[in-house]
Amino acid sequence: MKHLETFEDRAVSTVSNIILVIVAFLAIYPLFFVVIASVSDPYDVMNGEVWFWPNGFTLKGYEKVMADDRIWTGYANSVFYTVTATFLNVVVTMSAAFALSRKDLPGKGKIMTFFMITMFFGGGTVPTYLLMKNLHLLDNRLVMIIPGLVTVWNMVIARTNIQSNIPDELIEAATIDGCSYYACFFKIILPLSKAIMSVLVLYYGVGHWNAFFGALLYLSDSSKYPLQLILRDILIQTQMTSELMADSQAAQTAMQDAELMKYSVVIVASIPMLVLYPFLQKYFVKGVMVGAIKG
Amino acid sequence: MKKQTENMTRVMNSGRSSQLNKVWKYRQLYVLLLPAILYVLIFNYQPMYGVIIAFKNFTPLAGIWGSKWVGLEHFERFVTSPSFVNILKNTLTLSVYSLAAGFPLPILLALALHYTHSTKFKKFVQTVTYAPHFLSTVIICSMIIMFLSPRSGIINSLLEALGFERIFFMSNPAAFKHIYVWSGVWQGCGWSSIIYMAALAGIDTSIHESAMIDGASKLQRIWHIDIPGILPTIITLLILNTGSIMNTGFEKIFLLQNSLNSSASEVISTFVYKRGILGGEFSFSTAVGLFNSIVNLILMCSVNFISKKVTEVGLW
C-alpha cells in the first residue's frame, strides 16, 4: 500500500528531522568538546580558541594524569570494587531469580512481597549509616562490595527472563532424572542465561563504577577511595575553591594544575564506558525492554 | 504398588505434612534464595527498624532500644526551624521543574524517532543521545563546572564572542535550578525515550494503515493513534515520577553546591547529610528523612488515586 504524503506530512517530517539533528548535536557536542580540549593547548582552551578542532596538539594533560598517583590508586580500587561486587551481584541475583522462577515453590508470593516492599520503603541515609557503623563496615573495603548485593528490580528482570526463555519442562525432566537443583542451576540455567547475565553484569557494573554516595559516606582513608571520589577531589573541589577564593596563591597554583589536566582526567575516567559503550547500549536497551514488558 | 498407596494415604491424611514435604523437596531452592533474603533482611529491613530513632533521642551508647522516647519533638523542631521553608521550597522547585521539563521531552523525541524513515539516521541519533546516560554524576558535574567557569569555560567564551558579559553561573543562586534541570534533561532525555519507543513499536500497524486509507495526516495519526496508544505507559511513568518527587538526587546537588549558591541548592537530602552524618544529629536528621519519605508516599498514593479515577490506569 503506497500512501501519498501531503504537504503537511512532509512539513512534519522535515521539522522533526531538523529537531533530531539539533538534539543529536546538543547531545554529542559537550562530549566531543571534552575530547578535543583534552589534546589541545590548555591556554588556547582557557582563552576560548578551541571550538570544533584541537588547537596545538599536545598530550601534556595525559602525561600529567599518568604521573598522578591518586588517579592510579582510585582506578585500581574502582576496578577491584566493580569486578568483585558485580561478580557477587550476578551470582546472588541469578540464584534467587532461579528459585523464584519455579511456579510451585511454596511461599513464593510471600517472599516476593518481602522483596518488593523494599522498592517502596527504606530506612534512609542515617539509619543505614548507623547500621554500617554497627557492622564495622565504616572505612572498610567491604562497604563498597556488600551493600547493594541485590537490586530487587534486577532480580525481577532476571526471574521474568528465566520464566519466559527456559521451559519449565526442561527443569522438571532434569529433576526427574535425578538432577539436583544446584546442578540444574549451574548446568542448565546459567549456560542458557548468557544474554540476561550480560544485562545484569552491565547494569550492576556501571552502577558500581559510577558509585559515589557510598564512598563519600563510609570511606575516610583516601587509599581506599574509588575513582569517582578522587575525581571529585581533583575536578570539583580544586575548581570550586580556586574560583571562590581567586586571590589565594595556593588556590591559583592548584587551579592551574587542575586546568592542565582536567579534560584528560574526564576522558581517562570514562575509558571503560567508552570501550563498553556498544555493548552497554545493546544490553541496556534489552534490559529496559524486559522491564517494560513486566511493568 | 504398596508404596504408592502408602504415599496416597499420607497425602490424603494430612495436607499440612504434604506441604512440609513440598518445602523439603524444594530445600535446595531455599538455599539458593538464602543469600538474597539475608541481605535484604540486614541491609534493607534493619535500617527500616532503625527509623524509630526519629522519635527518640538517640545516642550510640544507649543504642536504639535504650534511648529516650521523645515523640514528635524532632519533627516539630524541623518544621518550625528557620531553614525549613527554604529547604522545602528548594526541594520542590528543583523536582517539579525537573519533572515539567524532563517528562514531556523524551515523549517528543520518541515520536520524532519513530517517524524517521532512515534507519541509519535513527540509529545514529539513538547512539548519540543515549551516551550521556552512562557518565557518572561526578563527571557530569565536573563538565558543568568546567563549561560554566567564568574564566575558562566554553559557555563564557561563547558569551564573550557574542558580545555579552562573562557570568559566574555557579555562584548565582537564581541560575542553580536551570543548571540542575537542563543538565539533567541533557543526560536523561535520550535514555528515557527508549521506553516510549518500545510502547510505540507495540501499536498495531493495521490501525495506522486503515487511518492512512481514510486520509488521516501524520499529525492526526500521532494525536489520535500514537498518543492514546502510549498513554498507559505515560501515566505509569508519571505516577512513578511523582512518587519520587521529593527525592531530588543528592549526588548532583551536593556536587554542584557551594557556599554562594546554597540558598537555592540546600535540599532535604543535603540537609540530612550535613546535620546527620557530618553533624552527628542522628535522631533529628532521621526525622527529616522520614518526613521526606512520608510526603513522597502520600504524593504517589494521591496521584495513583486520581489517575485511577480519571483514566483507569494505576500502579495498584
# chains A, B, ... in the order shown; residues from 1 in each chain; ligands from 1
$ interface_residues --of "chain A" --to "chain B" --cutoff "6 Å" --atoms "only C-alpha atoms" --output "number ranges by chain"
A: 9, 16, 24, 27, 46, 48, 95-96, 99, 122-123, 126-128, 210, 235-236
$ residues_around --residues "Val96 in chain B" --least-positions-apart "3" --cutoff "10 Å" --atoms "only C-alpha atoms" --output "number ranges by chain"
B: 90-93, 99-102, 181, 241-242, 245-246, 248
$ select_by_dssp --residues "range 74-257 of chain A" --states "helix (DSSP H, G or I)" --output "number ranges by chain"
A: 74-101, 108-120, 125-134, 141-144, 152-165, 168-176, 181-192, 194-210, 213-218, 222-224, 227-244, 249-257
$ closest_residue --among "A:Leu217, A:Leu227, A:Met197, A:Met273" --to "Val143 in chain A" --atoms "only C-alpha atoms"
A:Leu217
$ atom_distance --atom1 "CA of Leu219 in chain A" --atom2 "CA of Ile145 in chain A"
12.4 Å
$ select_by_dssp --residues "range 1-219 of chain B" --states "strand (DSSP E)" --output "tab-separated table (two decimals) with N, CA and C atoms, in the first residue's frame"
chain	number	residue	atom	x	y	z
B	56	LYS	N	13.13	9.29	69.03
B	56	LYS	CA	13.89	9.15	70.28
B	56	LYS	C	15.05	10.13	70.27
B	57	ASN	N	15.70	10.23	71.44
B	57	ASN	CA	16.95	10.98	71.47
B	57	ASN	C	18.09	9.99	71.42
B	68	LYS	N	16.08	7.60	74.90
B	68	LYS	CA	14.85	8.15	75.46
B	68	LYS	C	13.83	8.49	74.37
B	69	TRP	N	12.57	8.15	74.62
B	69	TRP	CA	11.47	8.41	73.68
B	69	TRP	C	11.07	9.89	73.77
$ atom_distance --atom1 "CA of Leu138 in chain A" --atom2 "CA of Tyr218 in chain A"
5.1 Å
$ atom_distance --atom1 "CA of Asn304 in chain B" --atom2 "CA of Gln163 in chain A"
29.2 Å
$ residues_around --residues "Ser210 in chain B" --least-positions-apart "4" --cutoff "12 Å" --atoms "only C-alpha atoms" --output "list in words"
Met1 and His3 of chain A; Asp204, Thr205, Ser206, Asp214, Gly215, Ala216, Ser217, Arg221 and Ile225 of chain B
$ residues_around --residues "Ser198 in chain A" --least-positions-apart "5" --cutoff "10 Å" --atoms "only C-alpha atoms" --output "list in words"
Val90, Ser193, Tyr203, Tyr204, Phe279, Leu280, Tyr283, Phe284 and Gly287 of chain A
